[in-house]
Amino acid sequence: MNRPFNFSAGPAAMPEEVLTEAAAEMLDWHGSGMGVMEMSHRGKEFISIYEQAQADLRELLAVPDNFKILFMQGGGLAENAIVPLNISQGGLVDFVVSGSWSQKSQQEAGKYCTAHTAADNLANGHTSLPDPSQWKLNPAARYVHVCTNETINGVEFHTLPNLKALGSNADLVIDFSSHVASRPVDWSKVGLAFGGAQKNLGPAGLTLVVVRDDLLGHALPACPSAFNYKMVADNQSMYNTPPTYSIYVAGLVFQWLKRQGGMAAMEARNIAKAELLYQAIDNSQLYQNKVASDCRSRMNVPFFLRDESLNAAFLAGAQTHRLLQLKGHKSVGGMRASIYNAMPLEGVQALVDYMQEFEKTRS
Ligand code: PMP
């Protein structure tokens, strides 16, 4: 099917193969006589879907045995509370404020712990990343929170900070909502990673948490049982009813990712897509991206028309060229092209072609 290219930041475009597979299995999953959303989460059919999804994700992201993979609900914003409820012990936590999402995380965490700012990039409007060597890490910090890809501002840590090398014994907590599964993860640097599924893993409703075993079991008494990582882990993510259909579709995405060649192949493809788009922006007179070149996001590319009065015409033209959902986040304006795993290189090329054509007609 010749579908338009969809640049939504999330919920975002899905691999077409996955949608086709899910559609074919909608009424009857593998001869069971049931669709997946009609199955008990405790039945053997769904348990097999769940176990396969867990195993495939562990293999794809090379998650070590001493980490649990939890399938939760509530999204990234719920995790902003759930993480400190589980692992802050009400103490001090360092935040690296690099954009809108880490700012939100810090505000929410402040209800449960002392949310200290170790570094921020407010002075340059979130267009670069504070160098880890300059972070003011507090020796008493229980963990350091970093949003490794700021979806709205378009800044990405292409490598994870090594806290030990910075003299800190704190655990690194990453919000990888908007770059999960776009590149390999160095788990030796990470204590906990979380992210909503709706950008790069599958449908909204599923939240992924990957947490090192020794961080389980330290929740504050006020932590709701359904959000207590130990409770969730001890019950194989089925303390309460999990988002079964979202887990199933995410499982199909994991299999698709394996067929694409896994994380190294996806990373190479994502770098190529991002380079194509940033080059087109940098080479134009009309478009601009304000982010420092060493930390430009490979997933979310915000760009601005130097003549903002052309914004509506640009978006209307994009729509007729079947390039969807390019409007920037309301807090920053302009445009944003989200180019997650499911966006093929041809989609980015189609966008670049349209951008160049639009610029020509306006000059
Ligand atoms: N963190 C990041 C980096 C995000 O991009 C988002 C959503 N855009 C969130 C957190 C919030 O996630 P949710 O909407 O799933 O709560």
# chains A, B, ... in the order shown; residues from 1 in each chain; ligands from 1
$ residues_near_ligand --ligand "ligand 1" --cutoff "9 Å" --atoms "only C-alpha atoms and all ligand atoms" --output "PDB file with all heavy atoms, in the first residue's frame"
ATOM      1  N   ALA A   9       5.705  13.028  16.110  1.00  0.00           N
ATOM      2  CA  ALA A   9       6.646  12.800  17.216  1.00  0.00           C
ATOM      3  C   ALA A   9       6.167  11.686  18.144  1.00  0.00           C
ATOM      4  O   ALA A   9       6.924  11.180  18.958  1.00  0.00           O
ATOM      5  CB  ALA A   9       6.840  14.088  17.996  1.00  0.00           C
ATOM      6  N   GLY A  10       4.914  11.331  18.041  1.00  0.00           N
ATOM      7  CA  GLY A  10       4.400  10.216  18.845  1.00  0.00           C
ATOM      8  C   GLY A  10       3.053  10.535  19.449  1.00  0.00           C
ATOM      9  O   GLY A  10       2.883  11.664  19.907  1.00  0.00           O
ATOM     10  N   PRO A  11       2.138   9.564  19.408  1.00  0.00           N
ATOM     11  CA  PRO A  11       2.224   8.302  18.708  1.00  0.00           C
ATOM     12  C   PRO A  11       2.683   8.508  17.264  1.00  0.00           C
ATOM     13  O   PRO A  11       2.260   9.453  16.604  1.00  0.00           O
ATOM     14  CB  PRO A  11       0.806   7.741  18.763  1.00  0.00           C
ATOM     15  CG  PRO A  11       0.263   8.319  20.043  1.00  0.00           C
ATOM     16  CD  PRO A  11       0.869   9.690  20.139  1.00  0.00           C
ATOM     17  N   GLN A  73       2.632   0.806  32.650  1.00  0.00           N
ATOM     18  CA  GLN A  73       1.704   1.768  32.051  1.00  0.00           C
ATOM     19  C   GLN A  73       1.938   3.137  32.686  1.00  0.00           C
ATOM     20  O   GLN A  73       2.574   3.240  33.711  1.00  0.00           O
ATOM     21  CB  GLN A  73       0.260   1.319  32.291  1.00  0.00           C
ATOM     22  CG  GLN A  73      -0.025  -0.040  31.674  1.00  0.00           C
ATOM     23  CD  GLN A  73      -1.433  -0.522  31.917  1.00  0.00           C
ATOM     24  OE1 GLN A  73      -2.388   0.020  31.363  1.00  0.00           O
ATOM     25  NE2 GLN A  73      -1.576  -1.530  32.749  1.00  0.00           N
ATOM     26  N   GLY A  74       1.393   4.152  32.065  1.00  0.00           N
ATOM     27  CA  GLY A  74       1.512   5.490  32.643  1.00  0.00           C
ATOM     28  C   GLY A  74       2.411   6.423  31.841  1.00  0.00           C
ATOM     29  O   GLY A  74       2.394   7.626  32.047  1.00  0.00           O
ATOM     30  N   GLY A  75       3.221   5.864  30.952  1.00  0.00           N
ATOM     31  CA  GLY A  75       4.040   6.698  30.078  1.00  0.00           C
ATOM     32  C   GLY A  75       5.233   7.317  30.801  1.00  0.00           C
ATOM     33  O   GLY A  75       5.453   7.102  32.001  1.00  0.00           O
ATOM     34  N   GLY A  76       5.971   8.104  30.043  1.00  0.00           N
ATOM     35  CA  GLY A  76       7.156   8.767  30.593  1.00  0.00           C
ATOM     36  C   GLY A  76       6.795   9.678  31.756  1.00  0.00           C
ATOM     37  O   GLY A  76       7.525   9.755  32.746  1.00  0.00           O
ATOM     38  N   LEU A  77       5.659  10.352  31.651  1.00  0.00           N
ATOM     39  CA  LEU A  77       5.322  11.295  32.716  1.00  0.00           C
ATOM     40  C   LEU A  77       5.029  10.585  34.029  1.00  0.00           C
ATOM     41  O   LEU A  77       5.380  11.085  35.099  1.00  0.00           O
ATOM     42  CB  LEU A  77       4.135  12.171  32.304  1.00  0.00           C
ATOM     43  CG  LEU A  77       4.438  13.218  31.224  1.00  0.00           C
ATOM     44  CD1 LEU A  77       3.293  14.196  31.085  1.00  0.00           C
ATOM     45  CD2 LEU A  77       5.720  13.971  31.533  1.00  0.00           C
ATOM     46  N   ALA A  78       4.394   9.436  33.977  1.00  0.00           N
ATOM     47  CA  ALA A  78       4.182   8.687  35.227  1.00  0.00           C
ATOM     48  C   ALA A  78       5.520   8.245  35.802  1.00  0.00           C
ATOM     49  O   ALA A  78       5.738   8.291  37.021  1.00  0.00           O
ATOM     50  CB  ALA A  78       3.274   7.484  34.983  1.00  0.00           C
ATOM     51  N   GLU A  79       6.451   7.862  34.924  1.00  0.00           N
ATOM     52  CA  GLU A  79       7.769   7.433  35.415  1.00  0.00           C
ATOM     53  C   GLU A  79       8.503   8.572  36.126  1.00  0.00           C
ATOM     54  O   GLU A  79       9.355   8.327  36.979  1.00  0.00           O
ATOM     55  CB  GLU A  79       8.630   6.867  34.284  1.00  0.00           C
ATOM     56  CG  GLU A  79       8.142   5.521  33.749  1.00  0.00           C
ATOM     57  CD  GLU A  79       8.090   4.414  34.799  1.00  0.00           C
ATOM     58  OE1 GLU A  79       8.939   4.385  35.707  1.00  0.00           O
ATOM     59  OE2 GLU A  79       7.164   3.577  34.704  1.00  0.00           O
ATOM     60  N   ASN A  80       8.180   9.812  35.758  1.00  0.00           N
ATOM     61  CA  ASN A  80       8.809  10.937  36.463  1.00  0.00           C
ATOM     62  C   ASN A  80       8.529  10.879  37.957  1.00  0.00           C
ATOM     63  O   ASN A  80       9.321  11.376  38.765  1.00  0.00           O
ATOM     64  CB  ASN A  80       8.305  12.270  35.896  1.00  0.00           C
ATOM     65  CG  ASN A  80       8.925  12.587  34.555  1.00  0.00           C
ATOM     66  OD1 ASN A  80       9.918  11.974  34.167  1.00  0.00           O
ATOM     67  ND2 ASN A  80       8.342  13.542  33.850  1.00  0.00           N
ATOM     68  N   SER A 100      12.760  20.382  27.576  1.00  0.00           N
ATOM     69  CA  SER A 100      11.429  20.388  28.196  1.00  0.00           C
ATOM     70  C   SER A 100      11.148  19.147  29.032  1.00  0.00           C
ATOM     71  O   SER A 100      10.526  19.224  30.090  1.00  0.00           O
ATOM     72  CB  SER A 100      10.348  20.468  27.121  1.00  0.00           C
ATOM     73  OG  SER A 100      10.643  21.497  26.226  1.00  0.00           O
ATOM     74  N   TRP A 101      11.613  17.979  28.524  1.00  0.00           N
ATOM     75  CA  TRP A 101      11.214  16.748  29.226  1.00  0.00           C
ATOM     76  C   TRP A 101      12.001  16.544  30.511  1.00  0.00           C
ATOM     77  O   TRP A 101      11.440  16.113  31.527  1.00  0.00           O
ATOM     78  CB  TRP A 101      11.321  15.538  28.294  1.00  0.00           C
ATOM     79  CG  TRP A 101      10.284  15.627  27.217  1.00  0.00           C
ATOM     80  CD1 TRP A 101      10.477  15.857  25.891  1.00  0.00           C
ATOM     81  CD2 TRP A 101       8.851  15.564  27.399  1.00  0.00           C
ATOM     82  NE1 TRP A 101       9.272  15.937  25.243  1.00  0.00           N
ATOM     83  CE2 TRP A 101       8.261  15.754  26.132  1.00  0.00           C
ATOM     84  CE3 TRP A 101       8.016  15.363  28.499  1.00  0.00           C
ATOM     85  CZ2 TRP A 101       6.873  15.746  25.936  1.00  0.00           C
ATOM     86  CZ3 TRP A 101       6.634  15.367  28.316  1.00  0.00           C
ATOM     87  CH2 TRP A 101       6.082  15.551  27.043  1.00  0.00           C
ATOM     88  N   SER A 102      13.283  16.868  30.519  1.00  0.00           N
ATOM     89  CA  SER A 102      14.033  16.728  31.774  1.00  0.00           C
ATOM     90  C   SER A 102      13.581  17.779  32.785  1.00  0.00           C
ATOM     91  O   SER A 102      13.580  17.528  33.996  1.00  0.00           O
ATOM     92  CB  SER A 102      15.542  16.790  31.533  1.00  0.00           C
ATOM     93  OG  SER A 102      15.877  17.818  30.645  1.00  0.00           O
ATOM     94  N   LYS A 104      10.500  18.797  33.118  1.00  0.00           N
ATOM     95  CA  LYS A 104       9.279  18.220  33.699  1.00  0.00           C
ATOM     96  C   LYS A 104       9.625  17.121  34.707  1.00  0.00           C
ATOM     97  O   LYS A 104       8.998  17.005  35.754  1.00  0.00           O
ATOM     98  CB  LYS A 104       8.419  17.590  32.591  1.00  0.00           C
ATOM     99  CG  LYS A 104       7.452  18.518  31.914  1.00  0.00           C
ATOM    100  CD  LYS A 104       6.270  17.692  31.354  1.00  0.00           C
ATOM    101  CE  LYS A 104       5.073  18.540  31.052  1.00  0.00           C
ATOM    102  NZ  LYS A 104       5.242  19.450  29.920  1.00  0.00           N
ATOM    103  N   SER A 105      10.615  16.314  34.355  1.00  0.00           N
ATOM    104  CA  SER A 105      11.011  15.216  35.251  1.00  0.00           C
ATOM    105  C   SER A 105      11.471  15.778  36.585  1.00  0.00           C
ATOM    106  O   SER A 105      11.110  15.266  37.655  1.00  0.00           O
ATOM    107  CB  SER A 105      12.155  14.401  34.634  1.00  0.00           C
ATOM    108  OG  SER A 105      11.758  13.837  33.416  1.00  0.00           O
ATOM    109  N   CYS A 147      17.798  13.025  30.350  1.00  0.00           N
ATOM    110  CA  CYS A 147      16.934  12.704  29.206  1.00  0.00           C
ATOM    111  C   CYS A 147      17.855  12.635  27.996  1.00  0.00           C
ATOM    112  O   CYS A 147      18.396  13.651  27.562  1.00  0.00           O
ATOM    113  CB  CYS A 147      15.861  13.781  29.014  1.00  0.00           C
ATOM    114  SG  CYS A 147      14.841  13.454  27.555  1.00  0.00           S
ATOM    115  N   THR A 148      18.030  11.429  27.476  1.00  0.00           N
ATOM    116  CA  THR A 148      19.078  11.244  26.471  1.00  0.00           C
ATOM    117  C   THR A 148      18.667  11.683  25.068  1.00  0.00           C
ATOM    118  O   THR A 148      19.509  11.760  24.171  1.00  0.00           O
ATOM    119  CB  THR A 148      19.570   9.780  26.482  1.00  0.00           C
ATOM    120  OG1 THR A 148      18.448   8.921  26.729  1.00  0.00           O
ATOM    121  CG2 THR A 148      20.585   9.587  27.579  1.00  0.00           C
ATOM    122  N   ASN A 149      17.396  11.949  24.875  1.00  0.00           N
ATOM    123  CA  ASN A 149      16.973  12.619  23.636  1.00  0.00           C
ATOM    124  C   ASN A 149      15.778  13.508  23.968  1.00  0.00           C
ATOM    125  O   ASN A 149      14.719  12.999  24.356  1.00  0.00           O
ATOM    126  CB  ASN A 149      16.593  11.614  22.546  1.00  0.00           C
ATOM    127  CG  ASN A 149      16.241  12.314  21.243  1.00  0.00           C
ATOM    128  OD1 ASN A 149      17.034  13.067  20.697  1.00  0.00           O
ATOM    129  ND2 ASN A 149      15.028  12.105  20.759  1.00  0.00           N
ATOM    130  N   GLU A 150      15.982  14.805  23.830  1.00  0.00           N
ATOM    131  CA  GLU A 150      14.905  15.755  24.121  1.00  0.00           C
ATOM    132  C   GLU A 150      14.048  15.911  22.864  1.00  0.00           C
ATOM    133  O   GLU A 150      14.443  16.582  21.902  1.00  0.00           O
ATOM    134  CB  GLU A 150      15.483  17.104  24.573  1.00  0.00           C
ATOM    135  CG  GLU A 150      16.062  17.078  25.981  1.00  0.00           C
ATOM    136  CD  GLU A 150      14.990  17.159  27.076  1.00  0.00           C
ATOM    137  OE1 GLU A 150      13.786  17.239  26.751  1.00  0.00           O
ATOM    138  OE2 GLU A 150      15.373  17.155  28.265  1.00  0.00           O
ATOM    139  N   THR A 151      12.876  15.329  22.918  1.00  0.00           N
ATOM    140  CA  THR A 151      11.998  15.193  21.758  1.00  0.00           C
ATOM    141  C   THR A 151      11.551  16.537  21.190  1.00  0.00           C
ATOM    142  O   THR A 151      11.346  16.670  19.976  1.00  0.00           O
ATOM    143  CB  THR A 151      10.756  14.387  22.190  1.00  0.00           C
ATOM    144  OG1 THR A 151      11.174  13.358  23.083  1.00  0.00           O
ATOM    145  CG2 THR A 151      10.037  13.787  21.001  1.00  0.00           C
ATOM    146  N   ILE A 152      11.372  17.517  22.055  1.00  0.00           N
ATOM    147  CA  ILE A 152      10.873  18.823  21.604  1.00  0.00           C
ATOM    148  C   ILE A 152      12.027  19.691  21.110  1.00  0.00           C
ATOM    149  O   ILE A 152      11.950  20.320  20.057  1.00  0.00           O
ATOM    150  CB  ILE A 152      10.114  19.535  22.753  1.00  0.00           C
ATOM    151  CG1 ILE A 152       8.834  18.758  23.074  1.00  0.00           C
ATOM    152  CG2 ILE A 152       9.811  20.997  22.395  1.00  0.00           C
ATOM    153  CD1 ILE A 152       8.052  19.289  24.267  1.00  0.00           C
ATOM    154  N   ASP A 175      15.950   8.752  30.541  1.00  0.00           N
ATOM    155  CA  ASP A 175      14.655   8.774  29.863  1.00  0.00           C
ATOM    156  C   ASP A 175      14.965   8.613  28.378  1.00  0.00           C
ATOM    157  O   ASP A 175      15.432   9.545  27.732  1.00  0.00           O
ATOM    158  CB  ASP A 175      13.956  10.117  30.147  1.00  0.00           C
ATOM    159  CG  ASP A 175      12.678  10.291  29.335  1.00  0.00           C
ATOM    160  OD1 ASP A 175      12.361   9.412  28.509  1.00  0.00           O
ATOM    161  OD2 ASP A 175      11.998  11.312  29.529  1.00  0.00           O
ATOM    162  N   PHE A 176      14.777   7.396  27.894  1.00  0.00           N
ATOM    163  CA  PHE A 176      15.089   7.152  26.467  1.00  0.00           C
ATOM    164  C   PHE A 176      13.825   6.990  25.634  1.00  0.00           C
ATOM    165  O   PHE A 176      13.834   6.330  24.582  1.00  0.00           O
ATOM    166  CB  PHE A 176      16.106   6.023  26.272  1.00  0.00           C
ATOM    167  CG  PHE A 176      15.730   4.597  26.634  1.00  0.00           C
ATOM    168  CD1 PHE A 176      16.556   3.531  26.252  1.00  0.00           C
ATOM    169  CD2 PHE A 176      14.580   4.290  27.340  1.00  0.00           C
ATOM    170  CE1 PHE A 176      16.256   2.214  26.559  1.00  0.00           C
ATOM    171  CE2 PHE A 176      14.257   2.965  27.667  1.00  0.00           C
ATOM    172  CZ  PHE A 176      15.092   1.940  27.272  1.00  0.00           C
ATOM    173  N   SER A 177      12.760   7.662  26.093  1.00  0.00           N
ATOM    174  CA  SER A 177      11.451   7.578  25.418  1.00  0.00           C
ATOM    175  C   SER A 177      11.558   7.743  23.906  1.00  0.00           C
ATOM    176  O   SER A 177      10.915   7.026  23.155  1.00  0.00           O
ATOM    177  CB  SER A 177      10.521   8.684  25.921  1.00  0.00           C
ATOM    178  OG  SER A 177      10.171   8.503  27.265  1.00  0.00           O
ATOM    179  N   SER A 178      12.367   8.725  23.473  1.00  0.00           N
ATOM    180  CA  SER A 178      12.295   9.056  22.044  1.00  0.00           C
ATOM    181  C   SER A 178      13.523   8.609  21.247  1.00  0.00           C
ATOM    182  O   SER A 178      13.666   8.992  20.092  1.00  0.00           O
ATOM    183  CB  SER A 178      12.035  10.556  21.861  1.00  0.00           C
ATOM    184  OG  SER A 178      12.948  11.326  22.600  1.00  0.00           O
ATOM    185  N   HIS A 179      14.405   7.784  21.866  1.00  0.00           N
ATOM    186  CA  HIS A 179      15.417   7.163  21.000  1.00  0.00           C
ATOM    187  C   HIS A 179      15.601   5.690  21.321  1.00  0.00           C
ATOM    188  O   HIS A 179      16.502   5.042  20.769  1.00  0.00           O
ATOM    189  CB  HIS A 179      16.762   7.900  21.065  1.00  0.00           C
ATOM    190  CG  HIS A 179      17.541   7.648  22.323  1.00  0.00           C
ATOM    191  ND1 HIS A 179      18.334   6.534  22.484  1.00  0.00           N
ATOM    192  CD2 HIS A 179      17.616   8.334  23.473  1.00  0.00           C
ATOM    193  CE1 HIS A 179      18.886   6.565  23.697  1.00  0.00           C
ATOM    194  NE2 HIS A 179      18.462   7.646  24.312  1.00  0.00           N
ATOM    195  N   PHE A 194      13.932   4.285  31.114  1.00  0.00           N
ATOM    196  CA  PHE A 194      12.475   4.186  30.901  1.00  0.00           C
ATOM    197  C   PHE A 194      12.063   4.929  29.654  1.00  0.00           C
ATOM    198  O   PHE A 194      12.768   5.846  29.184  1.00  0.00           O
ATOM    199  CB  PHE A 194      11.694   4.714  32.118  1.00  0.00           C
ATOM    200  CG  PHE A 194      11.751   6.213  32.309  1.00  0.00           C
ATOM    201  CD1 PHE A 194      10.885   7.062  31.619  1.00  0.00           C
ATOM    202  CD2 PHE A 194      12.668   6.786  33.178  1.00  0.00           C
ATOM    203  CE1 PHE A 194      10.932   8.437  31.801  1.00  0.00           C
ATOM    204  CE2 PHE A 194      12.727   8.169  33.363  1.00  0.00           C
ATOM    205  CZ  PHE A 194      11.851   8.992  32.677  1.00  0.00           C
ATOM    206  N   GLY A 195      10.916   4.533  29.126  1.00  0.00           N
ATOM    207  CA  GLY A 195      10.391   5.241  27.961  1.00  0.00           C
ATOM    208  C   GLY A 195       9.005   4.747  27.582  1.00  0.00           C
ATOM    209  O   GLY A 195       8.693   3.567  27.751  1.00  0.00           O
ATOM    210  N   GLY A 196       8.195   5.645  27.080  1.00  0.00           N
ATOM    211  CA  GLY A 196       6.909   5.248  26.505  1.00  0.00           C
ATOM    212  C   GLY A 196       7.160   4.542  25.175  1.00  0.00           C
ATOM    213  O   GLY A 196       8.163   4.793  24.511  1.00  0.00           O
ATOM    214  N   ALA A 197       6.226   3.665  24.799  1.00  0.00           N
ATOM    215  CA  ALA A 197       6.427   2.875  23.580  1.00  0.00           C
ATOM    216  C   ALA A 197       6.043   3.606  22.309  1.00  0.00           C
ATOM    217  O   ALA A 197       6.465   3.231  21.216  1.00  0.00           O
ATOM    218  CB  ALA A 197       5.603   1.587  23.673  1.00  0.00           C
ATOM    219  N   GLN A 198       5.283   4.681  22.443  1.00  0.00           N
ATOM    220  CA  GLN A 198       4.522   5.206  21.295  1.00  0.00           C
ATOM    221  C   GLN A 198       5.325   5.936  20.234  1.00  0.00           C
ATOM    222  O   GLN A 198       4.760   6.453  19.276  1.00  0.00           O
ATOM    223  CB  GLN A 198       3.399   6.106  21.814  1.00  0.00           C
ATOM    224  CG  GLN A 198       3.838   7.410  22.473  1.00  0.00           C
ATOM    225  CD  GLN A 198       4.101   7.286  23.969  1.00  0.00           C
ATOM    226  OE1 GLN A 198       4.305   6.201  24.477  1.00  0.00           O
ATOM    227  NE2 GLN A 198       4.093   8.403  24.676  1.00  0.00           N
ATOM    228  N   LYS A 199       6.648   5.980  20.403  1.00  0.00           N
ATOM    229  CA  LYS A 199       7.464   6.627  19.378  1.00  0.00           C
ATOM    230  C   LYS A 199       8.188   5.592  18.538  1.00  0.00           C
ATOM    231  O   LYS A 199       8.102   5.598  17.319  1.00  0.00           O
ATOM    232  CB  LYS A 199       8.463   7.582  20.032  1.00  0.00           C
ATOM    233  CG  LYS A 199       7.751   8.662  20.843  1.00  0.00           C
ATOM    234  CD  LYS A 199       8.670   9.383  21.781  1.00  0.00           C
ATOM    235  CE  LYS A 199       7.894  10.207  22.780  1.00  0.00           C
ATOM    236  NZ  LYS A 199       6.936  11.117  22.173  1.00  0.00           N
ATOM    237  N   ALA A 204       0.815   3.458  21.962  1.00  0.00           N
ATOM    238  CA  ALA A 204       0.762   4.080  23.287  1.00  0.00           C
ATOM    239  C   ALA A 204       0.127   3.104  24.272  1.00  0.00           C
ATOM    240  O   ALA A 204      -0.601   2.190  23.892  1.00  0.00           O
ATOM    241  CB  ALA A 204      -0.047   5.371  23.217  1.00  0.00           C
ATOM    242  N   GLY A 205       0.420   3.317  25.537  1.00  0.00           N
ATOM    243  CA  GLY A 205      -0.180   2.467  26.577  1.00  0.00           C
ATOM    244  C   GLY A 205       0.849   1.583  27.244  1.00  0.00           C
ATOM    245  O   GLY A 205       0.688   1.193  28.399  1.00  0.00           O
ATOM    246  N   LEU A 206       1.905   1.264  26.522  1.00  0.00           N
ATOM    247  CA  LEU A 206       2.987   0.458  27.088  1.00  0.00           C
ATOM    248  C   LEU A 206       4.145   1.376  27.468  1.00  0.00           C
ATOM    249  O   LEU A 206       4.532   2.241  26.697  1.00  0.00           O
ATOM    250  CB  LEU A 206       3.470  -0.562  26.039  1.00  0.00           C
ATOM    251  CG  LEU A 206       4.795  -1.282  26.340  1.00  0.00           C
ATOM    252  CD1 LEU A 206       4.683  -2.158  27.581  1.00  0.00           C
ATOM    253  CD2 LEU A 206       5.227  -2.134  25.134  1.00  0.00           C
ATOM    254  N   THR A 207       4.657   1.185  28.681  1.00  0.00           N
ATOM    255  CA  THR A 207       5.850   1.908  29.120  1.00  0.00           C
ATOM    256  C   THR A 207       6.926   0.888  29.437  1.00  0.00           C
ATOM    257  O   THR A 207       6.679  -0.068  30.179  1.00  0.00           O
ATOM    258  CB  THR A 207       5.562   2.731  30.393  1.00  0.00           C
ATOM    259  OG1 THR A 207       4.367   3.473  30.187  1.00  0.00           O
ATOM    260  CG2 THR A 207       6.710   3.670  30.709  1.00  0.00           C
TER     261      THR A 207
END
$ residues_around --residues "Asn6 in chain A" --least-positions-apart "6" --cutoff "12 Å" --atoms "only C-alpha atoms" --output "MDAnalysis selection string"
chainID A and resid 12:16 199 318:319 321:327 336:344 346:348 350:351
$ write_last_selection --atoms "N, CA and C atoms" --output "short mmCIF file (atom, residue, chain, number, x, y, z; two decimals), in the first residue's frame"
data_model
loop_
_atom_site.label_atom_id
_atom_site.label_comp_id
_atom_site.auth_asym_id
_atom_site.auth_seq_id
_atom_site.Cartn_x
_atom_site.Cartn_y
_atom_site.Cartn_z
N ALA A 12 3.55 7.60 16.82
CA ALA A 12 4.26 7.82 15.57
C ALA A 12 4.01 6.68 14.58
N ALA A 13 4.54 6.89 13.38
CA ALA A 13 4.38 5.90 12.31
C ALA A 13 4.90 4.53 12.76
N MET A 14 4.21 3.51 12.32
CA MET A 14 4.60 2.13 12.61
C MET A 14 5.14 1.49 11.33
N PRO A 15 6.00 0.47 11.47
CA PRO A 15 6.41 -0.25 10.26
C PRO A 15 5.17 -0.86 9.60
N GLU A 16 5.05 -0.66 8.28
CA GLU A 16 3.85 -1.15 7.60
C GLU A 16 3.69 -2.67 7.72
N LYS A 199 6.65 5.98 20.40
CA LYS A 199 7.46 6.63 19.38
C LYS A 199 8.19 5.59 18.54
N ALA A 318 2.98 20.46 2.29
CA ALA A 318 3.46 19.15 2.76
C ALA A 318 2.31 18.14 2.74
N GLN A 319 1.18 18.59 3.19
CA GLN A 319 0.00 17.71 3.23
C GLN A 319 -0.34 17.22 1.81
N HIS A 321 1.67 16.90 -0.59
CA HIS A 321 2.74 15.98 -0.99
C HIS A 321 2.73 14.70 -0.13
N ARG A 322 1.71 14.54 0.66
CA ARG A 322 1.52 13.34 1.51
C ARG A 322 2.66 13.19 2.52
N LEU A 323 3.02 14.35 3.11
CA LEU A 323 4.02 14.37 4.18
C LEU A 323 3.28 14.91 5.41
N LEU A 324 3.04 14.03 6.36
CA LEU A 324 2.08 14.35 7.42
C LEU A 324 2.75 14.73 8.75
N GLN A 325 2.02 15.55 9.52
CA GLN A 325 2.33 15.84 10.93
C GLN A 325 3.73 16.47 11.13
N LEU A 326 3.98 17.50 10.35
CA LEU A 326 5.28 18.18 10.42
C LEU A 326 5.26 19.43 11.30
N LYS A 327 4.11 19.77 11.83
CA LYS A 327 4.03 21.00 12.63
C LYS A 327 4.85 20.84 13.91
N ARG A 336 8.76 20.24 12.89
CA ARG A 336 9.55 19.15 13.47
C ARG A 336 9.30 17.90 12.65
N ALA A 337 10.40 17.29 12.20
CA ALA A 337 10.28 16.01 11.50
C ALA A 337 10.82 14.93 12.42
N SER A 338 9.95 14.05 12.85
CA SER A 338 10.41 12.92 13.66
C SER A 338 10.64 11.75 12.72
N ILE A 339 11.85 11.22 12.78
CA ILE A 339 12.27 10.21 11.80
C ILE A 339 12.74 8.95 12.55
N TYR A 340 11.79 8.35 13.24
CA TYR A 340 12.08 7.15 14.03
C TYR A 340 12.38 5.97 13.10
N ASN A 341 12.59 4.79 13.73
CA ASN A 341 12.97 3.60 12.96
C ASN A 341 12.04 3.31 11.79
N ALA A 342 10.75 3.56 11.97
CA ALA A 342 9.79 3.16 10.93
C ALA A 342 9.81 4.10 9.73
N MET A 343 10.53 5.22 9.84
CA MET A 343 10.63 6.14 8.70
C MET A 343 11.75 5.68 7.78
N PRO A 344 11.41 5.30 6.54
CA PRO A 344 12.49 4.87 5.64
C PRO A 344 13.26 6.07 5.09
N GLU A 346 13.61 6.80 2.11
CA GLU A 346 12.81 7.41 1.02
C GLU A 346 11.87 8.47 1.57
N GLY A 347 11.40 8.28 2.80
CA GLY A 347 10.51 9.27 3.41
C GLY A 347 11.26 10.57 3.67
N VAL A 348 12.48 10.45 4.17
CA VAL A 348 13.30 11.64 4.44
C VAL A 348 13.64 12.30 3.10
N ALA A 350 11.87 12.23 0.41
CA ALA A 350 10.65 12.90 -0.10
C ALA A 350 10.47 14.24 0.61
N LEU A 351 10.77 14.28 1.90
CA LEU A 351 10.66 15.55 2.64
C LEU A 351 11.68 16.57 2.11
#
$ closest_atom_pairs --of "range 103-155 of chain A" --to "range 209-230 of chain A" --cutoff "12 Å" --atoms "only C-alpha atoms" --output "CSV"
residue,atom,partner,partner_atom,distance
A:Lys111,CA,A:Ala222,CA,11.8
A:Tyr112,CA,A:Leu220,CA,8.8
A:Cys113,CA,A:Leu220,CA,10.4
A:Arg142,CA,A:Leu215,CA,10.5
A:Tyr143,CA,A:Leu215,CA,10.6
$ select_by_dssp --residues "range 141-323 of chain A" --states "strand (DSSP E)" --output "PyMOL selection string"
chain A and resi 143-147+149-150+155-156+171-175+192-196+207-212+287-288+300-305+323
$ residues_around --residues "Ser297 in chain A" --least-positions-apart "5" --cutoff "7 Å" --atoms "only C-alpha atoms" --output "MDAnalysis selection string"
chainID A and resid 149 154:156
$ decode --residues "range 32-45 of chain A" --atoms "C-alpha atoms" --output "short mmCIF file (atom, residue, chain, number, x, y, z; two decimals), in the first residue's frame"
data_model
loop_
_atom_site.label_atom_id
_atom_site.label_comp_id
_atom_site.auth_asym_id
_atom_site.auth_seq_id
_atom_site.Cartn_x
_atom_site.Cartn_y
_atom_site.Cartn_z
CA SER A 32 -6.70 -19.66 18.83
CA GLY A 33 -10.13 -18.35 17.81
CA MET A 34 -9.38 -15.12 19.69
CA GLY A 35 -7.94 -11.75 18.86
CA VAL A 36 -5.04 -10.76 21.14
CA MET A 37 -7.06 -8.04 22.87
CA GLU A 38 -9.67 -10.63 23.83
CA MET A 39 -7.24 -12.97 25.58
CA SER A 40 -6.71 -13.34 29.30
CA HIS A 41 -3.30 -12.08 30.25
CA ARG A 42 -2.94 -15.25 32.30
CA GLY A 43 -3.72 -17.67 29.46
CA LYS A 44 -1.04 -19.67 27.68
CA GLU A 45 -1.54 -17.76 24.42
#
